[in-house]
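Have a look at entry_37.txt; it's compact mmCIF, C-alpha atoms and all ligand atoms:
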# COMPACT_ATOMS: atom_id res chain seq x y z
CA MET A 647 23.66 -15.21 -68.58
CA GLY A 648 20.30 -15.91 -70.10
CA ASN A 649 17.15 -13.89 -69.59
CA ASN A 650 15.61 -16.80 -67.73
CA SER A 651 18.32 -17.19 -65.16
CA ARG A 652 18.41 -13.38 -64.55
CA ARG A 653 14.66 -13.42 -63.88
CA ARG A 654 15.15 -16.34 -61.51
CA ILE A 655 17.80 -14.39 -59.56
CA ILE A 656 15.58 -11.26 -59.33
CA LYS A 657 12.68 -13.46 -58.23
CA SER A 658 14.72 -15.09 -55.48
CA ILE A 659 16.03 -11.69 -54.27
CA PHE A 660 12.44 -10.39 -54.20
CA TRP A 661 11.21 -13.30 -52.11
CA SER A 662 14.26 -13.10 -49.83
CA VAL A 663 13.56 -9.42 -49.13
CA CYS A 664 9.88 -10.22 -48.51
CA GLY A 665 10.83 -13.04 -46.17
CA ALA A 666 13.31 -10.84 -44.30
CA CYS A 667 10.66 -8.10 -43.89
CA LEU A 668 8.14 -10.61 -42.56
CA ALA A 669 10.73 -12.07 -40.17
CA ILE A 670 11.63 -8.59 -38.85
CA ALA A 671 7.94 -7.73 -38.42
CA LEU A 672 7.23 -10.96 -36.52
CA LEU A 673 10.34 -10.49 -34.40
CA GLY A 674 9.16 -6.95 -33.64
CA ILE A 675 5.70 -8.12 -32.62
CA PHE A 676 6.94 -10.91 -30.39
CA SER A 677 9.65 -8.80 -28.78
CA GLY A 678 7.03 -6.19 -27.92
CA PHE A 679 8.52 -3.48 -30.11
CA PRO A 680 5.25 -2.18 -31.54
CA GLU A 681 3.52 -2.43 -28.15
CA SER A 682 3.12 1.32 -27.85
CA ALA A 683 1.57 1.44 -31.30
CA LEU A 684 -0.83 -1.39 -30.42
CA ALA A 685 -1.68 0.21 -27.09
CA LEU A 686 -3.00 3.26 -28.91
CA LYS A 687 -5.54 1.07 -30.67
CA ARG A 688 -6.73 -0.56 -27.46
CA ASN A 689 -9.66 0.83 -25.54
CA PRO A 690 -8.16 3.76 -23.64
CA ALA A 691 -10.71 3.44 -20.81
CA ILE A 692 -9.21 2.45 -17.45
CA ASP A 693 -9.86 -1.10 -16.34
CA PRO A 694 -12.42 -0.51 -13.56
CA THR A 695 -10.86 -3.12 -11.30
CA SER A 696 -7.17 -2.41 -11.69
CA SER A 697 -5.05 0.35 -10.28
CA VAL A 698 -1.43 0.81 -9.25
CA HIS A 699 -2.84 1.46 -5.78
CA LEU A 700 -4.19 -2.10 -5.67
CA THR A 701 -0.86 -3.71 -6.64
CA MET A 702 -0.86 -5.80 -3.45
CA GLY A 703 -4.52 -6.79 -3.83
CA ASN A 704 -8.08 -5.72 -3.07
CA PRO A 705 -8.47 -6.61 0.63
CA SER A 706 -12.28 -6.92 0.67
CA GLN A 707 -12.89 -7.85 -2.99
CA ALA A 708 -14.66 -4.51 -3.41
CA THR A 709 -16.49 -4.05 -6.71
CA THR A 710 -17.88 -1.14 -8.71
CA SER A 711 -21.36 -2.69 -8.64
CA LEU A 712 -24.13 -0.44 -7.33
CA GLN A 713 -25.54 -3.56 -5.67
CA ASN A 714 -22.51 -3.52 -3.38
CA PRO A 715 -23.05 -0.31 -1.34
CA THR A 716 -21.14 -1.50 1.72
CA ASN A 717 -18.03 -2.53 -0.24
CA TYR A 718 -18.04 -0.19 -3.22
CA LEU A 719 -14.77 0.13 -5.12
CA MET A 720 -13.66 3.65 -6.07
CA LEU A 721 -10.51 4.18 -8.10
CA LYS A 722 -8.98 7.61 -8.09
CA ARG A 723 -5.82 8.82 -9.69
CA THR A 724 -4.03 9.15 -6.39
CA TYR A 725 -5.58 6.27 -4.36
CA ALA A 726 -8.19 3.50 -4.32
CA LEU A 727 -10.81 2.77 -1.69
CA SER A 728 -13.71 0.62 -0.63
CA TYR A 729 -16.64 2.84 0.36
CA ASN A 730 -19.27 1.82 2.87
CA ARG A 731 -22.53 3.72 2.35
CA ASP A 732 -23.96 2.46 5.64
CA ARG A 733 -20.94 3.76 7.59
CA GLY A 734 -20.62 7.04 5.66
CA GLY A 735 -16.93 6.50 5.04
CA PRO A 736 -14.26 4.21 3.63
CA ASN A 737 -13.75 0.61 4.79
CA TRP A 738 -10.16 1.02 3.63
CA VAL A 739 -8.03 3.28 1.49
CA SER A 740 -5.02 1.90 -0.41
CA TRP A 741 -2.18 3.77 -2.09
CA GLN A 742 1.30 3.58 -3.51
CA LEU A 743 3.91 5.88 -2.01
CA ASN A 744 7.25 6.58 -3.60
CA SER A 745 9.23 9.73 -4.31
CA SER A 746 7.29 10.41 -7.51
CA TRP A 747 4.26 11.44 -5.40
CA LEU A 748 6.18 13.88 -3.24
CA GLY A 749 6.86 17.52 -4.00
CA ARG A 750 6.53 20.90 -2.36
CA VAL A 751 2.81 21.67 -2.59
CA GLN A 752 1.19 23.01 0.59
CA ARG A 753 -2.04 21.57 2.02
CA THR A 754 -4.83 22.78 -0.25
CA GLU A 755 -7.49 22.38 2.51
CA ASP A 756 -9.77 21.70 -0.44
CA TRP A 757 -12.39 19.83 1.62
CA ASN A 758 -15.17 18.50 -0.59
CA ALA A 759 -18.02 16.02 -0.64
CA ASP A 760 -17.23 13.22 -3.09
CA LEU A 761 -19.48 13.93 -6.06
CA SER A 762 -18.30 10.78 -7.83
CA LEU A 763 -20.45 8.63 -5.51
CA PRO A 764 -23.44 7.03 -7.22
CA SER A 765 -26.39 9.39 -7.49
CA GLY A 766 -28.97 8.91 -4.77
CA TRP A 767 -26.36 7.99 -2.15
CA ASP A 768 -26.00 10.29 0.85
CA LEU A 769 -23.12 12.70 0.42
CA ILE A 770 -21.06 13.33 3.54
CA SER A 771 -20.30 17.02 3.55
CA PRO A 772 -17.07 18.53 4.91
CA SER A 773 -19.06 20.33 7.62
CA SER A 774 -20.80 17.18 8.85
CA TYR A 775 -18.14 16.43 11.52
CA LYS A 776 -18.56 19.87 13.11
CA GLY A 777 -19.04 19.80 16.87
CA SER A 778 -18.55 16.02 17.05
CA GLY A 779 -15.23 16.23 18.85
CA TYR A 780 -13.63 14.12 16.12
CA ASP A 781 -11.07 15.21 13.53
CA ARG A 782 -11.71 14.78 9.84
CA GLY A 783 -8.98 12.17 9.66
CA HIS A 784 -7.30 11.56 6.32
CA MET A 785 -6.61 7.93 5.51
CA ILE A 786 -4.15 8.80 2.73
CA PRO A 787 -2.52 11.86 4.29
CA SER A 788 -2.43 15.18 2.50
CA ASP A 789 1.38 15.14 2.88
CA ASP A 790 1.63 11.94 0.81
CA ARG A 791 0.37 13.82 -2.25
CA THR A 792 2.38 17.00 -2.64
CA LYS A 793 3.49 16.84 -6.28
CA ASN A 794 0.77 19.21 -7.47
CA THR A 795 -2.39 20.86 -6.14
CA ARG A 796 -4.66 18.52 -8.10
CA ASP A 797 -3.19 15.46 -6.36
CA ASN A 798 -3.30 17.14 -2.96
CA SER A 799 -6.87 18.29 -3.44
CA GLU A 800 -8.03 14.72 -4.07
CA THR A 801 -6.97 13.67 -0.55
CA PHE A 802 -9.53 16.12 0.87
CA GLN A 803 -12.51 14.26 -0.57
CA MET A 804 -14.72 13.04 2.26
CA THR A 805 -14.55 9.43 0.97
CA ASN A 806 -10.93 9.45 2.22
CA ILE A 807 -11.96 10.65 5.67
CA LEU A 808 -12.86 8.88 8.93
CA PRO A 809 -13.67 10.44 12.30
CA GLN A 810 -10.48 10.16 14.34
CA ALA A 811 -10.03 11.12 17.98
CA PRO A 812 -7.66 14.12 18.03
CA ASP A 813 -5.03 12.31 20.13
CA ASN A 814 -5.04 9.42 17.66
CA ASN A 815 -4.92 11.56 14.50
CA ARG A 816 -2.42 14.12 15.79
CA GLY A 817 -0.35 11.66 17.83
CA ALA A 818 0.75 8.14 16.98
CA TRP A 819 -1.15 8.14 13.65
CA VAL A 820 0.63 11.20 12.24
CA GLU A 821 3.96 9.97 13.64
CA LEU A 822 3.65 6.77 11.60
CA GLU A 823 2.72 8.84 8.53
CA LYS A 824 5.93 10.84 8.95
CA TYR A 825 7.97 7.71 9.48
CA ALA A 826 6.58 6.25 6.23
CA ARG A 827 7.71 9.30 4.26
CA GLU A 828 11.13 9.00 5.90
CA LEU A 829 11.37 5.49 4.45
CA VAL A 830 10.48 6.88 1.01
CA ARG A 831 13.21 9.50 1.32
CA LYS A 832 15.63 6.62 1.99
CA GLY A 833 14.63 5.13 -1.38
CA ASN A 834 11.89 2.65 -0.43
CA GLU A 835 8.58 2.27 -2.21
CA LEU A 836 5.59 1.65 0.02
CA TYR A 837 2.15 0.16 -0.45
CA ILE A 838 -0.15 1.35 2.32
CA ILE A 839 -3.68 0.33 3.33
CA ALA A 840 -5.51 2.12 6.14
CA GLY A 841 -8.99 2.05 7.62
CA GLY A 842 -11.17 1.75 10.68
CA VAL A 843 -12.85 -1.19 12.37
CA GLY A 844 -15.61 -1.53 14.94
CA GLN A 845 -18.09 1.09 16.06
CA LYS A 846 -17.98 3.39 19.08
CA GLY A 847 -20.83 5.64 18.06
CA LYS A 848 -22.23 7.74 15.24
CA ILE A 849 -21.89 11.40 14.27
CA ALA A 850 -23.30 13.63 11.54
CA ARG A 851 -26.90 12.91 12.60
CA GLY A 852 -26.25 9.20 12.48
CA LYS A 853 -24.79 9.21 8.97
CA VAL A 854 -21.17 8.53 9.92
CA VAL A 855 -19.95 5.63 12.05
CA VAL A 856 -17.03 6.35 14.38
CA PRO A 857 -14.63 3.37 14.24
CA ALA A 858 -13.50 1.92 17.56
CA ARG A 859 -9.97 1.44 16.21
CA THR A 860 -7.89 2.64 13.29
CA TRP A 861 -5.41 0.32 11.59
CA LYS A 862 -2.75 0.50 8.91
CA VAL A 863 -0.60 -1.92 6.91
CA ILE A 864 2.62 -0.78 5.19
CA ILE A 865 4.60 -2.96 2.79
CA VAL A 866 8.16 -1.71 2.46
CA LEU A 867 9.80 -2.51 -0.88
CA GLU A 868 13.56 -2.11 -1.19
CA ARG A 869 13.39 -0.83 -4.75
CA PRO A 870 10.67 1.14 -6.53
CA GLY A 871 8.93 -0.36 -9.55
CA GLU A 872 9.16 -4.05 -8.64
CA GLY A 873 5.51 -4.45 -7.67
CA VAL A 874 4.39 -7.81 -6.28
CA SER A 875 7.59 -9.49 -7.51
CA GLY A 876 9.52 -7.26 -5.10
CA VAL A 877 7.83 -8.97 -2.13
CA ASN A 878 9.61 -11.94 -0.57
CA SER A 879 9.41 -13.68 2.81
CA ASN A 880 11.90 -11.19 4.28
CA THR A 881 9.99 -8.10 3.12
CA ARG A 882 9.40 -5.69 5.96
CA THR A 883 5.76 -5.00 6.76
CA ILE A 884 4.45 -2.66 9.42
CA ALA A 885 0.99 -3.27 10.85
CA VAL A 886 -0.58 -1.15 13.57
CA ASP A 887 -3.92 -1.16 15.39
CA MET A 888 -4.72 1.96 17.44
CA PRO A 889 -7.66 2.70 19.75
CA ASN A 890 -9.66 5.64 18.35
CA GLU A 891 -9.40 7.38 21.72
CA ASN A 892 -7.90 10.42 23.34
CA GLY A 893 -5.11 9.94 25.85
CA ILE A 894 -3.34 7.14 23.96
CA SER A 895 0.45 6.99 23.52
CA GLN A 896 2.04 9.19 20.86
CA ASP A 897 4.49 6.41 20.01
CA TRP A 898 3.20 4.46 17.01
CA GLN A 899 5.47 1.55 17.88
CA GLN A 900 3.26 0.86 20.93
CA PHE A 901 0.50 -0.24 18.54
CA LYS A 902 2.35 -2.73 16.36
CA THR A 903 0.53 -5.95 15.55
CA SER A 904 0.63 -8.68 12.89
CA ILE A 905 -1.27 -8.61 9.60
CA ASP A 906 -2.76 -11.97 10.61
CA LYS A 907 -4.31 -10.34 13.67
CA LEU A 908 -5.68 -7.45 11.55
CA GLU A 909 -7.08 -9.92 9.03
CA ALA A 910 -8.90 -11.74 11.84
CA ASP A 911 -10.29 -8.45 13.22
CA THR A 912 -11.39 -6.93 9.90
CA GLY A 913 -12.25 -10.01 7.84
CA TYR A 914 -10.06 -8.69 4.99
CA ASP A 915 -7.29 -10.50 3.15
CA PHE A 916 -4.33 -8.16 2.89
CA LEU A 917 -1.62 -8.77 0.26
CA SER A 918 -3.98 -11.09 -1.65
CA ALA A 919 -1.92 -10.53 -4.82
CA VAL A 920 1.17 -11.93 -3.09
CA PRO A 921 1.83 -15.72 -3.35
CA SER A 922 0.25 -17.43 -0.33
CA ASP A 923 3.48 -18.95 1.03
CA ILE A 924 5.05 -15.48 1.15
CA GLN A 925 1.85 -14.07 2.68
CA SER A 926 1.90 -16.58 5.51
CA ALA A 927 5.58 -15.86 6.20
CA ILE A 928 5.26 -12.09 6.46
CA GLU A 929 1.72 -11.79 7.84
CA SER A 930 2.46 -13.64 11.06
CA ARG A 931 5.36 -11.35 12.01
CA VAL A 932 5.26 -8.17 14.05
CA ASP A 933 7.55 -5.45 12.72
CA GLY A 934 10.86 -5.27 14.56
CA GLU A 935 10.20 -8.47 16.51
CA ILE A 936 13.51 -10.19 17.10
CA THR A 937 13.52 -13.73 15.85
CA PHE A 938 16.70 -14.97 17.44
CA PHE A 939 17.94 -17.38 14.80
CA ASN A 940 17.16 -15.35 11.74
CA SER A 941 19.71 -14.98 8.98
CA ARG A 942 19.16 -11.21 9.13
CA ASN A 943 19.86 -11.11 12.86
CA ILE A 944 23.65 -11.53 12.79
CA PHE A 945 23.89 -9.27 15.83
CA GLY A 946 21.59 -11.51 17.87
CA ILE A 947 23.47 -14.65 16.85
CA GLY A 948 26.78 -12.96 17.73
CA ILE A 949 25.60 -12.05 21.20
CA PHE A 950 24.26 -15.56 21.76
CA VAL A 951 27.61 -17.13 20.81
CA LEU A 952 29.48 -14.66 23.07
CA VAL A 953 27.23 -15.33 26.07
CA ALA A 954 27.45 -19.11 25.52
CA ALA A 955 31.27 -18.90 25.41
CA LEU A 956 31.40 -16.83 28.63
CA VAL A 957 29.11 -19.29 30.43
CA ALA A 958 31.27 -22.22 29.27
CA ILE A 959 34.47 -20.51 30.47
CA GLY A 960 32.80 -19.66 33.78
CA LEU A 961 31.65 -23.25 34.34
CA TYR A 962 35.13 -24.56 33.48
CA LYS A 963 36.80 -22.17 35.97
CA PHE A 964 34.19 -23.10 38.61
CA LYS A 965 34.91 -26.78 38.06
CA GLN A 966 38.68 -26.12 38.38
CA ARG A 967 38.22 -24.17 41.59
CA LEU A 968 36.22 -27.00 43.11
CA GLY A 969 39.18 -29.19 42.21
CA LEU A 970 37.06 -31.65 40.28
MN MN B 1001 -4.45 12.84 9.87
MN MN B 1002 -3.35 -11.97 3.40
Structure re-expressed in structure tokens:
Amino acid sequence: MGNNSRRRIIKSIFWSVCGACLAIALLGIFSGFPESALALKRNPAIDPTSSVHLTMGNPSQATTSLQNPTNYLMLKRTYALSYNRDRGGPNWVSWQLNSSWLGRVQRTEDWNADLSLPSGWDLISPSSYKGSGYDRGHMIPSDDRTKNTRDNSETFQMTNILPQAPDNNRGAWVELEKYARELVRKGNELYIIAGGVGQKGKIARGKVVVPARTWKVIIVLERPGEGVSGVNSNTRTIAVDMPNENGISQDWQQFKTSIDKLEADTGYDFLSAVPSDIQSAIESRVDGEITFFNSRNIFGIGIFVLVAALVAIGLYKFKQRLGL
């Protein structure tokens, strides 16, 4: 073998190795392998408009602009909300609920004014509801954030609080909260949005509006981690609308409504991140409403077939007896 041909072989091996390295690197980039490495180089600041708690959408298109004091977006680690400066409370609060948020921490009772509001805005203090006859009603309940004291403490910020009539807060409202956590214990992941609508008065020297009604929307996903892609036209959603009054029923099921009805009453668009054909399918339903010919309602179809058969037999016997 001559010197020349040996050099040619070494050269071709060199370029082959280089080519292979380049191919592996490109493959790595396109298959997302170095994603974690790239992520470190990206701006670590949180995107001010995105949050796991807004997976299903931002119902009022709230923004973090100071020019938007009646629909001001606040993103917290454990929930997101639209704050209304003129009402002294949230328009809505939105949060994810799955087993990862639940632990054994006791209520911290760590009531605090929300110091993260823009400077110059009135702060609603934890004592401002005193003597009003209304409860400091959590939108995201304390019991939905029990993994650690820091999480639980965040639910006691006054931007998560609306004045709720005691029989609402401690009755049907808390019963639905418990039911939601039952669903999580069964393995579901929930996306929940809650708020108040209307006005039945003011408290805290006129700084806080008392909503006429409190409402809630719960999206029940079969499996955690699927996000919007886990929503289909059969996805269970629970929507309720409760008078903010004493003396109402303790049974949350009495207050079921459709998301469409809530959208009309509040002006919000719930589930805006969900494809519109799926939205229209699930938003018109009321939870638990029996649609007779529904593929999920095998029981209903069975009973219908049975009753139809009995009626047919009865008519036949009747006809025979008449001797026709
Ligand atoms: Mn409560
Ligand atoms: Mn909608």
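Each of A:Ile838, A:Leu867, A:Val920, A:Leu748 was compared to ligand MN 1002 (chain B) using all atoms listed in the file, and A:Val920 turns out to be the nearest.
Residue nearest ligand MN 1002 (chain B) within the list A:Ser706, A:Thr903, A:Ser696, A:Asn737: A:Ser706 [criterion: smallest interatomic distance, only C-alpha atoms and all ligand atoms].
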key: Pairwise distance for atom CA of A:Asn834 and atom CA of A:Val866, rounded to one decimal in Å   = 6.4 Å
inquiry  = Could you list, as a ChimeraX atom specification, all residues that come within 8 Å of ligand MN 1002 (chain B)? Count only C-alpha atoms and all ligand atoms.
reply    = /A:705,905-906,909,914-918,920,922,925-926,929
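Selection of all polymer residues within 9 Å of ligand MN 1001 (chain B) on the basis of all atoms listed in the file gives Asp781, Arg782, Gly783, His784, Met785, Ile786, Pro787, Ser788, Ile807, Gln810, Pro812, Asn814, Asn815, Arg816, Trp819, Val820 and Glu823 of chain A.
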